[in-house]
>>> print(open('structure.cif').read())   # mmCIF, C-alpha atoms
data_final
#
loop_
_atom_site.label_atom_id
_atom_site.label_comp_id
_atom_site.auth_asym_id
_atom_site.auth_seq_id
_atom_site.Cartn_x
_atom_site.Cartn_y
_atom_site.Cartn_z
CA SER A 1 99.43 105.51 81.80
CA ALA A 2 96.51 105.69 84.24
CA LYS A 3 94.20 106.80 81.45
CA THR A 4 95.33 103.82 79.38
CA LEU A 5 94.29 101.46 82.18
CA VAL A 6 90.92 102.96 83.11
CA GLY A 7 90.01 104.82 79.94
CA ASP A 8 89.11 108.46 79.44
CA GLY A 9 85.81 108.36 81.31
CA GLY A 10 84.94 110.35 84.40
CA LEU A 11 86.17 107.68 86.82
CA LEU A 12 89.79 108.81 86.66
CA GLU A 13 88.98 112.50 87.08
CA ALA A 14 86.71 111.72 90.04
CA LYS A 15 89.02 109.39 91.94
CA LEU A 16 92.53 110.54 91.04
CA PRO A 17 92.70 113.64 93.30
CA GLU A 18 91.78 111.61 96.39
CA ILE A 19 94.18 108.80 95.46
CA LEU A 20 97.05 111.24 94.97
CA ARG A 21 96.18 113.07 98.20
CA GLU A 22 96.39 109.82 100.19
CA TYR A 23 99.63 108.88 98.44
CA ASN A 24 101.21 112.28 99.17
CA HIS A 25 100.25 112.06 102.85
CA LYS A 26 101.48 108.50 103.26
CA ASN A 27 104.82 109.25 101.61
CA LEU A 28 105.25 112.71 103.15
CA VAL A 29 105.73 114.32 99.78
CA THR A 30 107.14 117.85 99.81
CA VAL A 31 106.15 120.95 97.83
CA SER A 32 108.15 124.08 97.14
CA THR A 33 106.73 127.31 98.59
CA ASP A 34 107.79 130.94 98.60
CA ASN A 35 109.34 130.33 102.03
CA GLY A 36 111.09 127.03 101.33
CA PHE A 37 109.48 123.60 101.45
CA LEU A 38 106.47 122.08 103.18
CA VAL A 39 105.82 118.41 103.93
CA LEU A 40 102.28 117.37 103.04
CA SER A 41 100.66 115.46 105.90
CA ALA A 42 97.22 114.84 107.31
CA GLU A 43 98.15 116.85 110.41
CA ALA A 44 98.94 119.99 108.38
CA GLU A 45 95.84 119.65 106.21
CA LEU A 46 92.97 122.09 106.72
CA GLU A 47 90.96 121.03 103.66
CA PRO A 48 91.68 118.44 100.91
CA THR A 49 93.89 120.90 99.01
CA LYS A 50 94.74 123.46 101.73
CA TYR A 51 97.60 123.15 104.23
CA ALA A 52 98.72 125.25 107.14
CA ASP A 53 102.27 126.54 106.80
CA PHE A 54 102.74 127.64 110.40
CA GLN A 55 106.30 128.79 109.85
CA ALA A 56 105.25 131.22 107.10
CA GLY A 57 101.91 132.07 108.68
CA LYS A 58 100.04 131.10 105.53
CA VAL A 59 97.50 128.67 104.16
CA ILE A 60 98.70 127.24 100.85
CA THR A 61 96.64 125.53 98.17
CA VAL A 62 98.25 122.49 96.54
CA ASP A 63 97.50 120.65 93.31
CA HIS A 64 98.09 117.01 94.30
CA SER A 65 98.68 115.87 90.73
CA THR A 66 101.36 118.44 89.82
CA LEU A 67 102.62 119.15 93.37
CA LYS A 68 102.47 122.85 92.64
CA VAL A 69 101.30 125.58 95.00
CA THR A 70 98.39 127.27 93.23
CA GLY A 71 97.57 129.90 95.84
CA SER A 72 98.14 131.18 99.36
CA GLU A 73 96.43 133.31 101.98
CA PRO A 74 97.20 134.45 105.52
CA LEU A 75 96.73 131.85 108.24
CA ASP A 76 93.84 132.90 110.44
CA ASP A 77 94.64 133.35 114.13
CA SER A 78 91.79 130.97 114.96
CA LYS A 79 93.89 128.15 113.46
CA ARG A 80 96.72 128.84 115.89
CA ASN A 81 96.84 127.38 119.39
CA PRO A 82 98.90 129.86 121.47
CA LYS A 83 100.13 127.11 123.79
CA ALA A 84 101.21 124.89 120.92
CA GLU A 85 102.72 127.80 118.97
CA GLU A 86 105.00 128.63 121.90
CA LEU A 87 106.55 125.18 121.56
CA ARG A 88 106.25 124.87 117.77
CA ALA A 89 108.54 127.77 116.79
CA PRO A 90 111.69 126.60 118.66
CA THR A 91 110.97 122.99 117.70
CA GLN A 92 110.77 123.95 114.01
CA GLU A 93 114.13 125.70 114.32
CA ALA A 94 115.71 122.65 115.96
CA VAL A 95 114.18 120.25 113.41
CA THR A 96 115.45 122.37 110.51
CA LYS A 97 119.00 122.27 111.90
CA HIS A 98 118.76 118.51 112.42
CA VAL A 99 117.52 117.87 108.87
CA LYS A 100 120.20 120.07 107.29
CA SER A 101 122.95 118.22 109.11
CA SER A 102 121.70 114.67 108.61
CA LEU A 103 119.45 114.41 105.55
CA SER A 104 120.68 115.61 102.17
CA GLY A 105 117.92 117.47 100.37
CA GLY A 106 115.50 116.79 103.21
CA CYS A 107 112.71 118.86 104.69
CA GLY A 108 111.11 119.01 108.12
CA THR A 109 107.73 120.55 108.96
CA VAL A 110 106.38 121.09 112.47
CA SER A 111 102.62 121.61 112.75
CA ALA A 112 100.65 122.75 115.79
CA LEU A 113 97.68 120.56 116.68
CA ALA A 114 94.32 121.66 118.04
CA ASP A 115 94.88 119.80 121.32
CA GLY A 116 98.07 121.77 122.05
CA GLY A 117 100.43 119.07 120.80
CA LEU A 118 102.76 119.01 117.81
CA SER A 119 103.27 116.93 114.70
CA VAL A 120 106.70 116.60 113.09
CA ALA A 121 107.07 115.32 109.53
CA ILE A 122 110.53 114.75 108.02
CA SER A 123 111.03 113.65 104.43
CA GLY A 124 113.93 113.26 102.02
CA ASN A 125 114.44 111.62 98.63
CA LYS A 126 117.52 110.53 96.73
CA LEU A 127 116.66 109.92 93.10
CA ASN A 128 119.15 108.37 90.69
CA PRO A 129 117.15 107.11 87.68
CA ARG A 130 120.22 107.06 85.41
CA ASN A 131 121.62 104.27 87.60
CA PHE A 132 118.21 102.66 88.17
CA TRP A 133 117.79 103.29 91.88
CA ASN A 134 115.86 105.63 94.17
CA GLY A 135 115.65 106.05 97.91
CA ARG A 136 113.20 107.68 100.32
CA TRP A 137 113.50 108.54 104.03
CA ARG A 138 110.38 109.30 106.08
CA SER A 139 110.03 110.17 109.74
CA LYS A 140 106.75 111.16 111.40
CA TRP A 141 106.22 112.10 115.05
CA THR A 142 103.30 113.02 117.29
CA ILE A 143 104.01 114.89 120.51
CA LYS A 144 101.37 115.02 123.24
CA VAL A 145 102.19 117.81 125.67
CA GLY A 146 101.30 117.86 129.36
CA ALA A 147 102.35 119.99 132.30
CA GLY A 148 106.14 119.91 132.12
CA SER A 149 106.20 116.59 130.30
CA ALA A 150 105.53 115.23 126.82
CA GLU A 151 104.98 111.84 125.20
CA ILE A 152 106.70 111.41 121.84
CA LYS A 153 105.70 108.65 119.44
CA GLY A 154 107.13 108.25 115.98
CA ASP A 155 107.68 106.00 113.03
CA VAL A 156 110.88 106.06 110.96
CA ASN A 157 110.92 104.48 107.51
CA ALA A 158 113.57 103.96 104.82
CA LEU A 159 112.81 102.60 101.35
CA VAL A 160 115.30 101.75 98.59
CA HIS A 161 114.17 100.74 95.10
CA TYR A 162 116.62 99.17 92.63
CA TYR A 163 115.27 98.29 89.18
CA GLU A 164 118.11 97.53 86.76
CA ASP A 165 117.37 94.18 85.11
CA GLY A 166 114.82 93.48 87.83
CA ASN A 167 112.71 95.07 90.53
CA VAL A 168 114.00 94.93 94.11
CA GLN A 169 112.76 96.98 97.05
CA ALA A 170 114.17 97.03 100.56
CA GLU A 171 112.08 98.70 103.27
CA SER A 172 112.97 99.12 106.93
CA SER A 173 111.04 100.84 109.70
CA ARG A 174 111.20 101.48 113.41
CA GLU A 175 108.65 102.68 115.96
CA VAL A 176 109.73 104.92 118.83
CA SER A 177 107.98 105.92 122.05
CA GLU A 178 109.63 108.16 124.65
CA GLN A 179 108.79 110.51 127.51
CA ILE A 180 110.57 113.80 128.16
CA GLN A 181 110.51 116.35 130.98
CA PHE A 182 111.00 120.07 130.30
CA SER A 183 110.86 123.41 132.08
CA ASP A 184 110.58 125.78 129.10
CA ALA A 185 110.09 125.86 125.32
CA SER A 186 113.81 125.79 124.57
CA GLU A 187 114.40 122.67 126.65
CA PHE A 188 111.32 121.07 125.12
CA ALA A 189 112.61 121.62 121.57
CA SER A 190 116.09 120.36 122.42
CA LYS A 191 114.87 117.16 124.09
CA ALA A 192 112.19 116.45 121.48
CA VAL A 193 114.65 116.69 118.61
CA LYS A 194 117.14 114.54 120.53
CA VAL A 195 114.52 111.77 120.65
CA ILE A 196 113.99 112.17 116.90
CA GLN A 197 117.74 112.06 116.21
CA GLU A 198 118.23 108.94 118.31
CA GLY A 199 115.25 107.19 116.71
CA GLU A 200 116.50 107.89 113.21
CA SER A 201 120.08 106.93 114.12
CA GLU A 202 118.88 103.62 115.55
CA LEU A 203 117.23 102.72 112.25
CA GLN A 204 120.41 103.65 110.39
CA ARG A 205 122.45 101.38 112.68
CA TYR A 206 119.98 98.56 112.18
CA ILE A 207 120.17 98.89 108.38
CA GLY A 208 123.97 98.96 108.48
CA GLU A 209 124.12 95.84 110.65
CA SER A 210 121.57 94.07 108.45
CA TYR A 211 123.58 94.67 105.28
CA ALA A 212 126.77 93.55 107.06
CA THR A 213 125.23 90.15 107.92
CA MET A 214 122.98 89.78 104.87
CA SER A 215 125.41 87.67 102.86
CA ASP A 216 125.95 85.26 105.77
CA HIS A 217 122.32 84.84 106.79
CA SER A 218 119.59 86.31 104.58
CA PHE A 219 121.00 85.29 101.20
CA LYS A 220 121.86 81.79 102.40
CA ALA A 221 118.30 81.37 103.65
CA LEU A 222 117.03 82.01 100.11
CA ARG A 223 118.98 79.06 98.68
CA ARG A 224 117.99 75.40 98.82
CA LYS A 225 120.02 73.37 101.27
CA MET A 226 119.60 70.37 98.95
CA PRO A 227 119.11 70.05 95.17
CA ILE A 228 115.61 69.38 93.92
CA THR A 229 116.53 65.68 93.80
CA GLN A 230 117.21 65.83 97.57
CA THR A 231 120.59 64.18 96.89
CA LYS A 232 123.93 65.84 97.51
CA PHE A 233 126.06 66.25 94.42
CA GLN A 234 129.28 64.27 94.72
CA TRP A 235 131.88 66.71 93.47
CA SER A 236 134.63 64.11 93.79
CA LYS A 237 133.02 62.16 90.94
CA VAL A 238 132.70 65.04 88.49
CA ALA A 239 135.24 63.43 86.14
CA ALA A 240 133.31 60.14 86.11
CA TYR A 241 130.03 61.96 85.37
CA SER A 242 131.68 63.78 82.47
CA LEU A 243 133.11 60.58 81.04
CA ALA A 244 129.76 58.80 81.28
CA ARG A 245 128.04 61.67 79.43
CA GLU A 246 130.63 61.57 76.63
CA LEU A 247 130.27 57.80 76.21
CA THR A 248 126.48 58.14 76.13
CA ASN A 249 126.65 60.79 73.43
CA LYS A 250 128.84 58.52 71.32
#
>>> encode(input="structure.cif", output="structure tokens")
Amino acid sequence: SAKTLVGDGGLLEAKLPEILREYNHKNLVTVSTDNGFLVLSAEAELEPTKYADFQAGKVITVDHSTLKVTGSEPLDDSKRNPKAEELRAPTQEAVTKHVKSSLSGGCGTVSALADGGLSVAISGNKLNPRNFWNGRWRSKWTIKVGAGSAEIKGDVNALVHYYEDGNVQAESSREVSEQIQFSDASEFASKAVKVIQEGESELQRYIGESYATMSDHSFKALRRKMPITQTKFQWSKVAAYSLARELTNK
């Protein structure tokens, strides 16, 4: 379909890889690897098609158009920050447990950053094209680590797309910022994931409350309070209106 719009010239071949790369990062698209799944994000990217899989200790090469892993190689020790790795491993374990218990078919990837911090990317999709709806859950977190404390900032996003006899999308998001104190890597992982759980749960509660009140508030706000004539229809005179129309037709 893209070729139909722009033709078969070199423009598509030149621009498409970068467009798909940006799309995959923004939507936290996942790819299947020999060791499970990896969430594609800017924080895990080493080069435009190469990503660090810290959990597997590999660098994987990804085709952004097919979302296939086309190659892998060992992750060089120079890409690992020992301080960040000490916190990354238990955090990855805790994130994996959280995703398995709360997000059907989801995936969570924890990447170590050059400054000693961590990046957490959580992604899950629910696709139901036979019934004309799809849903996507995204959650991305940056953790800046200090001496016995850490600042956690994240963005949680939920998108639902319904397209039977129409095209309706509902998107909700929430930003989170918290501070934690910790004495060791285990406590760090536990408290960091607790912040993530609470942030995601808060968005779920908000969505549930919004749908509960939608019919009483949002839908009513979409309707005109008055007809286009700015005159209230007198329902008590419906019979008279009907009789007048019949006499006019005669």
>>> resolve_selection(input="structure.cif", expression="the PyMOL selection byres ((chain A and resi 34-42) around 7)", output="PyMOL selection string")
chain A and resi 24-25+28-33+43-45+56+107-109+121
>>> atom_distance(input="structure.cif", atom1="CA of Ala185 (chain A)", atom2="CA of Glu47 (chain A)")
29.3 Å
>>> closest_residue(input="structure.cif", among="A:Val156, A:Leu20, A:Ala94, A:Leu67", to="Ser186 (chain A)", atoms="all atoms listed in the file")
A:Ala94
>>> atom_distance(input="structure.cif", atom1="CA of Arg21 (chain A)", atom2="CA of His64 (chain A)")
5.9 Å
>>> atom_distance(input="structure.cif", atom1="CA of His161 (chain A)", atom2="CA of Asn134 (chain A)")
5.3 Å
